[in-house]
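Engineer: Pasting in a structure now, in structure tokens, and then I'll have a few things to ask.
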Amino acid sequence: MDLSAAPADMPSQHGAPVYELTHVSKTYARNQVVALEDVSLTLRHGSFSSVIGSSGCGKSTLLKIMAGLIPPSTGRVVLQDRPVRGPRRDIGMMFQQATLFPWRTTVENIVLPIEIRDGRAAAEKAKARAHDLLEVVGLSGFENVYPNELSGGMAQRASICRMLITEPAVLLLDEPFSALDELSRDMMNMELQRICNEKDATAFLVTHSIPEAVILSDDIYVMKPRPGRLAEIVTVDLPRPRTLEMMTTPKFGEIVAYIRGLLDREAEL
Amino acid sequence: MTDVNVAPARDDSEDTVWVEEVSFIDRVPRSVSMIFVFVVFIALWQLTHALALVSPIILPSPGETFGDMLFVGHNLLTGGYMLPALWITILEVIYGFALAIAIGFSLGVLVGETAFGERAIMPYLVAIDTMPKVAFAPLFVAWLGFGIESKVALAAFIATFPIVVGTAAGLHAADENARMLFKTMGASRMQTLIKMKLPAGLPQIFTGLKIGAVGVMAGAITGEFLGGGKGFGELIRVAASQLNTPRVFSLILYLSLVGLTLYALVTFAQRKIVFWHKERVGVSEH
């Protein structure tokens with residue numbers, strides 16, 4: 001079956017490698033727990049990858065390492081030919097919660113990463129770019145609105161802008177829409193696809209939802225727990241752009257069922 | 001097709017309008033309820049007095065008290081001898097509160113932001129906080145004399161702790177996501193404190209300030225009771241020693257105006273500064 005696993009060193013066809021992890025392991029010194037064992041992955045330019053697995057499979061550890069928040073115990077973590085040794089401006093990150101600060105207007109929230117890294121003057125200049133980004137996500141006219149007045153979906157749109165303002169090379173998405181209701185979530189996923197396409201972004205999504213992973217991704221990294229490791233890389237060869245209607249096709253169902261099978265098998269162990 | 005779809009609507013002639021029950025208290029304006037309680041209170045007071053349930057020396061009549069309030073009010077407005085006394089107490093409150101804010105905020109940041117402060121200093125602050133702080137008044141008098149300084153010290157001493165606790169708690173108010181976000185942005189510790197932790201903690205900090213504002217008043221008056229001086233507390237003490245209870249009552253009421261004003265000022269500042277904290281009721285149509 002062509003949806004089955006591709007070898008780890010041969011993911012779907014895209015641009016040059018942007019982010020490369022080689023034999024990355026993480027053991028927490030505190031309790032000697034092996035959170036991550038020998039993970040290797042390559043994110044190619046313009047590709048969308050997801051990681052999926054039950055809780056405790058090490059996906060949040062993986063994401064923290066990729067975000068430069070914690071160091072790996074062994075292995076190489078290289079973004080754009082430079083090893084990741086801490087947070088970097090070419091890493092954009094988005095969380096489950098929009099985490100907009102209520103004392104800042106929408107546009108002030110969006111330029112916050114610039115303000116932190118380059119100071120107030122630079123942030124002031126970046127407001128023009130923030131305006132363009134708000135247009136991309138369909139939030140024009142909300143520049144000077146405080147986050148209290150934004151809906152959950154609108155807040156996440158704004159936080160997409162905040163992630164994009166530094167023009168990162170890779171987008172790390174930690175279950176970005178899981179706090180939204182299902183209808184908004186589907187819509188935001190399609191928006192995300194459109195934005196990633198428009199910006200030619202390289203994205204890496206952590207999710208609990210198999211359909212979400214399938215509809216968005218080129219490659220899905222399925223992880224197993226105890227110790228956290230890669231079980232399989234599933235390549236999704238549904239055509240782009242993806243639509244919500246594709247979720248009703250037999251092919252989509254097949255891929256979802258296949259991944260569910262992988263996760264169930266691991267659950268029995 | 002179901003019955004619901006085909007059956008003709010019965011009795012089209014009448015709208016489905018019925019009266020929703022609204023409890024009595026919801027229909028009465030707040031001011032009316034407050035006046036009601038006030039009137040009942042005064043009536044009970046008058047009744048107690050009329051039936052001579054309590055000796056009039058201990059409990060004056062509402063009328064006597066009101067008469068004395070007019071007297072004190074006249075004295076204050078015309079710059080009588082009570083005005084300097086009131087001014088002294090107000091100064092004690094202002095200085096005490098300012099001192100409490102300065103010390104309380106600094107200690108709060110130390111305790112809330114640094115591991116050293118949390119582990120090594122906080123236990124001592126908790127220990128001191130559990131002591132009856134009023135008992136320190138004689139010490140302050142011994143150290144600082146009978147002037148305004150000893151009262152300011154006691155007022156500040158009492159008001160500092162809630163501000164410390166409010167500030168320290170406020171600095172922990174920001175959620176995990178916000179911290180993570182600041183980390184990913186490569187923010188320095190100072191930036192994280194100024195741009196995230198402090199603003200996120202403002203609601204708690206203001207709660208501490210409000211409790212402190214109440215404490216500072218109690219501290220100033222207690223200081224005057226125990227350490228003499230020329231403040232309003234001294235007037236109360238003298239009136240009480242002369243069993244002039246109407247005067248005691250009216251002085252307390254005027255004093256409470258000072259406390260209310262301070263509290264109102266803090267609340268006003270909170271509304272202006274922490275404008276986002278209160279739930280917005282009327283979200284405008286976009």
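In the structure tokens, each chain is lettered A, B, ... as it comes, each chain's residues begin at 1, and ligands are numbered from 1 in order of appearance.
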Hey, which bits of chain A sit within 9 Å of chain B, and for each residue what's the closest pair of atoms and how far apart in Å (one decimal), counting only C-alpha atoms, rows by chain and increasing number, as CSV?
Structural biologist:
residue,atom,partner,partner_atom,distance
A:Ala67,CA,B:Thr184,CA,6.8
A:Gly68,CA,B:Thr184,CA,7.5
A:Leu69,CA,B:Thr184,CA,6.8
A:Gly86,CA,B:Gly186,CA,8.0
A:Pro87,CA,B:Thr184,CA,5.1
A:Arg88,CA,B:Gly186,CA,6.9
A:Arg89,CA,B:Met185,CA,6.9
A:Ile91,CA,B:Thr184,CA,8.0
A:Gly92,CA,B:Thr184,CA,8.0
A:Met93,CA,B:Thr184,CA,7.3
A:Met94,CA,B:Leu181,CA,8.2
A:Phe95,CA,B:Asn177,CA,7.1
A:Gln96,CA,B:Asn177,CA,8.4
A:Gln97,CA,B:Asn177,CA,7.2
A:Ala98,CA,B:Asn177,CA,8.8
A:Thr99,CA,B:Ala178,CA,6.1
A:Leu100,CA,B:Ala178,CA,8.4
A:Phe101,CA,B:Met196,CA,8.0
A:Pro102,CA,B:Trp276,CA,6.0
A:Trp103,CA,B:Trp276,CA,6.1
A:Leu112,CA,B:Met185,CA,8.7
A:Pro113,CA,B:Met185,CA,5.7
A:Ile114,CA,B:Met185,CA,8.6
A:Ile116,CA,B:Ala187,CA,5.9
A:Arg117,CA,B:Gly186,CA,7.2
A:Tyr146,CA,B:Trp276,CA,8.2
A:Asn148,CA,B:Trp276,CA,7.4
A:Glu149,CA,B:Val283,CA,6.5
Engineer: Store the residues of this selection in a file with C-alpha atoms, as a PDB file, in the first residue's frame.
Structural biologist:
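Contents of the output file part.pdb:
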ATOM      1  CA  ALA A  67      12.372  25.125  20.102  1.00  0.00           C
ATOM      2  CA  GLY A  68      15.731  25.431  21.842  1.00  0.00           C
ATOM      3  CA  LEU A  69      14.070  25.420  25.267  1.00  0.00           C
ATOM      4  CA  GLY A  86      18.788  28.082  22.795  1.00  0.00           C
ATOM      5  CA  PRO A  87      15.772  30.026  21.564  1.00  0.00           C
ATOM      6  CA  ARG A  88      16.263  31.604  18.157  1.00  0.00           C
ATOM      7  CA  ARG A  89      14.402  34.165  16.124  1.00  0.00           C
ATOM      8  CA  ILE A  91      12.067  29.467  15.262  1.00  0.00           C
ATOM      9  CA  GLY A  92       8.409  30.446  15.468  1.00  0.00           C
ATOM     10  CA  MET A  93       6.204  28.822  18.020  1.00  0.00           C
ATOM     11  CA  MET A  94       2.518  28.615  18.707  1.00  0.00           C
ATOM     12  CA  PHE A  95       0.729  27.086  21.661  1.00  0.00           C
ATOM     13  CA  GLN A  96      -2.611  25.558  22.514  1.00  0.00           C
ATOM     14  CA  GLN A  97      -3.630  28.857  24.086  1.00  0.00           C
ATOM     15  CA  ALA A  98      -3.337  32.048  22.072  1.00  0.00           C
ATOM     16  CA  THR A  99      -1.503  33.634  25.047  1.00  0.00           C
ATOM     17  CA  LEU A 100      -2.155  37.200  23.996  1.00  0.00           C
ATOM     18  CA  PHE A 101      -1.460  39.715  26.732  1.00  0.00           C
ATOM     19  CA  PRO A 102      -4.619  41.624  27.646  1.00  0.00           C
ATOM     20  CA  TRP A 103      -2.815  44.880  28.399  1.00  0.00           C
ATOM     21  CA  LEU A 112       6.132  41.706  20.974  1.00  0.00           C
ATOM     22  CA  PRO A 113       8.836  39.285  19.686  1.00  0.00           C
ATOM     23  CA  ILE A 114      10.444  42.193  17.833  1.00  0.00           C
ATOM     24  CA  ILE A 116      11.898  41.731  23.018  1.00  0.00           C
ATOM     25  CA  ARG A 117      14.718  41.110  20.562  1.00  0.00           C
ATOM     26  CA  TYR A 146      -7.675  44.495  22.964  1.00  0.00           C
ATOM     27  CA  ASN A 148     -10.537  40.545  25.458  1.00  0.00           C
ATOM     28  CA  GLU A 149     -12.696  41.485  22.516  1.00  0.00           C
TER      29      GLU A 149
END
Engineer: Could you pull the residues within 9 Å of Val136 (chain A), counting only C-alpha atoms, minus those fewer than 5 positions along the same chain, as a ChimeraX atom specification?
Structural biologist: /A:131,161,195,198
Engineer: From a DSSP pass on the backbone, collect the residues of region 98-223 of chain A flagged as alpha helix (DSSP H) and hand them back as a VMD selection string.
Structural biologist: chain A and resid 106 to 110 112 to 118 120 to 136 152 to 164 182 to 199 210 to 216
Engineer: Report the closest atom pair, with its distance in Å rounded to one decimal, for each residue of region 138-248 of chain B that has an atom no farther than 9 Å from region 258-263 of chain B; count only C-alpha atoms, sort by chain and then rising residue number, and write it as a tab-separated table.
Structural biologist:
residue	atom	partner	partner_atom	distance
B:Leu209	CA	B:Tyr263	CA	8.9
B:Lys210	CA	B:Tyr263	CA	6.3
B:Ile211	CA	B:Tyr263	CA	8.9
B:Ala213	CA	B:Tyr263	CA	6.1
B:Val214	CA	B:Gly259	CA	6.8
B:Val216	CA	B:Gly259	CA	8.8
B:Met217	CA	B:Gly259	CA	6.3
Engineer: Just to be explicit: take each residue in the selection above, keep C-alpha atoms, and write the result as a tab-separated table (two decimals), in the first residue's frame.
Structural biologist:
chain	number	residue	atom	x	y	z
B	209	LEU	CA	-2.76	47.43	48.09
B	210	LYS	CA	-6.43	47.51	49.06
B	211	ILE	CA	-5.89	45.34	52.12
B	213	ALA	CA	-4.94	50.67	52.60
B	214	VAL	CA	-7.31	49.36	55.26
B	216	VAL	CA	-2.60	51.61	57.26
B	217	MET	CA	-5.56	53.44	58.78
Engineer: Would you pick out the contacts of Ser217 (chain A) at 10 Å or less, using only C-alpha atoms, so that residues sharing its chain but fewer than 3 positions from it are not included, and give the list as a ChimeraX atom specification?
Structural biologist: /A:47-51,193,203-205,211-214,220-221,234-238,242
Engineer: Can I get the selected residues back with C-alpha atoms, as an mmCIF file, in the first residue's frame?
Structural biologist:
data_model
loop_
_atom_site.group_PDB
_atom_site.id
_atom_site.type_symbol
_atom_site.label_atom_id
_atom_site.label_comp_id
_atom_site.auth_asym_id
_atom_site.auth_seq_id
_atom_site.Cartn_x
_atom_site.Cartn_y
_atom_site.Cartn_z
ATOM 1 C CA SER A 47 6.845 20.819 3.972
ATOM 2 C CA PHE A 48 4.243 20.236 6.663
ATOM 3 C CA SER A 49 5.026 17.491 9.161
ATOM 4 C CA SER A 50 3.125 16.267 12.166
ATOM 5 C CA VAL A 51 4.038 14.206 15.136
ATOM 6 C CA GLN A 193 -2.662 25.465 5.268
ATOM 7 C CA ALA A 203 5.823 23.601 9.691
ATOM 8 C CA PHE A 204 5.951 20.998 12.413
ATOM 9 C CA LEU A 205 2.730 20.217 14.237
ATOM 10 C CA PRO A 211 -7.616 13.454 11.091
ATOM 11 C CA GLU A 212 -6.011 16.826 11.771
ATOM 12 C CA ALA A 213 -2.553 15.364 11.183
ATOM 13 C CA VAL A 214 -3.649 13.670 7.969
ATOM 14 C CA ILE A 220 3.364 12.111 9.885
ATOM 15 C CA TYR A 221 5.799 10.947 12.502
ATOM 16 C CA VAL A 234 3.583 7.914 7.236
ATOM 17 C CA THR A 235 3.593 9.856 4.000
ATOM 18 C CA VAL A 236 0.269 11.406 3.057
ATOM 19 C CA ASP A 237 -0.075 11.651 -0.721
ATOM 20 C CA LEU A 238 -3.404 13.420 -0.866
ATOM 21 C CA ARG A 242 -6.293 19.907 0.827
#
Engineer: At a cut-off of 12 Å, using only C-alpha atoms, what residues contact Asp200 (chain A)? Leave out same-chain residues fewer than 5 positions from it and give the result as number ranges by chain.
Structural biologist: A: 14-15, 44-48, 164, 167-171, 192-195
Engineer: For His23 (chain A), list every protein, DNA or RNA residue within 7 Å, evaluated using only C-alpha atoms, and leave out those in the same chain fewer than 2 positions away; present the list as a list in words.
Structural biologist: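 Here the qualifying residues turn out to be Leu21, Ser25, Asp38, Val39, Ser40, Gly75 and Arg76 of chain A.
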Engineer: Could you dump the residues just selected with C-alpha atoms as an mmCIF file, in the first residue's frame?
Structural biologist:
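Result file is out_25.cif:
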data_model
loop_
_atom_site.group_PDB
_atom_site.id
_atom_site.type_symbol
_atom_site.label_atom_id
_atom_site.label_comp_id
_atom_site.auth_asym_id
_atom_site.auth_seq_id
_atom_site.Cartn_x
_atom_site.Cartn_y
_atom_site.Cartn_z
ATOM 1 C CA LEU A 21 17.658 16.079 14.009
ATOM 2 C CA SER A 25 18.002 11.363 22.777
ATOM 3 C CA ASP A 38 17.346 8.054 19.012
ATOM 4 C CA VAL A 39 15.041 10.343 17.069
ATOM 5 C CA SER A 40 16.155 11.414 13.621
ATOM 6 C CA GLY A 75 22.500 13.872 19.152
ATOM 7 C CA ARG A 76 22.589 16.787 16.747
#
Engineer: Contacts between region 56-75 of chain B and region 177-276 of chain B, please, where a residue of region 177-276 of chain B counts if it comes within 7 Å (with only C-alpha atoms); show its shortest atom pair and distance in Å to one decimal, rows by chain and ascending number, as CSV.
Structural biologist:
residue,atom,partner,partner_atom,distance
B:Leu243,CA,B:Ile57,CA,6.8
B:Thr245,CA,B:Pro60,CA,6.4
B:Pro246,CA,B:Thr65,CA,4.6
B:Arg247,CA,B:Asp68,CA,6.0
B:Phe249,CA,B:Thr65,CA,6.6
B:Ser250,CA,B:Met69,CA,5.0
Engineer: Which distance in Å separates CA of Thr267 (chain B) and CA of Gly212 (chain B), to one decimal?
Structural biologist: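 Distance reported for this atom pair: 12.4 Å.
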Engineer: Would you list, as a ChimeraX atom specification, the residues of region 156-235 of chain A that end up in strand (DSSP E) under DSSP run on this structure's backbone?
Structural biologist: /A:170-174,203-207,219-224,229-235
Engineer: For the residues selected in the previous step, produce a file with C-alpha atoms as a PDB file, in the first residue's frame.
Structural biologist:
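What ended up in out15.pdb:
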ATOM      1  CA  VAL A 170      10.387  26.814  10.917  1.00  0.00           C
ATOM      2  CA  LEU A 171       6.995  26.939  12.616  1.00  0.00           C
ATOM      3  CA  LEU A 172       6.545  24.744  15.673  1.00  0.00           C
ATOM      4  CA  LEU A 173       2.857  24.257  16.401  1.00  0.00           C
ATOM      5  CA  ASP A 174       1.935  22.736  19.740  1.00  0.00           C
ATOM      6  CA  ALA A 203       5.823  23.601   9.691  1.00  0.00           C
ATOM      7  CA  PHE A 204       5.951  20.998  12.413  1.00  0.00           C
ATOM      8  CA  LEU A 205       2.730  20.217  14.237  1.00  0.00           C
ATOM      9  CA  VAL A 206       2.200  18.318  17.460  1.00  0.00           C
ATOM     10  CA  THR A 207      -1.318  16.949  17.703  1.00  0.00           C
ATOM     11  CA  ASP A 219       4.729  13.452   6.613  1.00  0.00           C
ATOM     12  CA  ILE A 220       3.364  12.111   9.885  1.00  0.00           C
ATOM     13  CA  TYR A 221       5.799  10.947  12.502  1.00  0.00           C
ATOM     14  CA  VAL A 222       4.098   8.317  14.647  1.00  0.00           C
ATOM     15  CA  MET A 223       5.712   8.020  18.056  1.00  0.00           C
ATOM     16  CA  LYS A 224       5.685   5.258  20.666  1.00  0.00           C
ATOM     17  CA  ARG A 229      10.815   6.996  19.901  1.00  0.00           C
ATOM     18  CA  LEU A 230       9.752   7.183  16.282  1.00  0.00           C
ATOM     19  CA  ALA A 231       7.720   4.187  15.239  1.00  0.00           C
ATOM     20  CA  GLU A 232       7.013   5.042  11.659  1.00  0.00           C
ATOM     21  CA  ILE A 233       6.835   7.862   9.163  1.00  0.00           C
ATOM     22  CA  VAL A 234       3.583   7.914   7.236  1.00  0.00           C
ATOM     23  CA  THR A 235       3.593   9.856   4.000  1.00  0.00           C
TER      24      THR A 235
END
Engineer: How many Å lie between CA of Ser241 (chain B) and CA of Leu255 (chain B), rounded to one decimal?
Structural biologist: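 Separating CA of Ser241 (chain B) from CA of Leu255 (chain B) is a distance of 18.3 Å.
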Engineer: Please, what distance in Å, to one decimal, runs between CA of Leu77 (chain B) and CA of Leu257 (chain B)?
Structural biologist: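 Between these atoms lies a distance of 14.6 Å.
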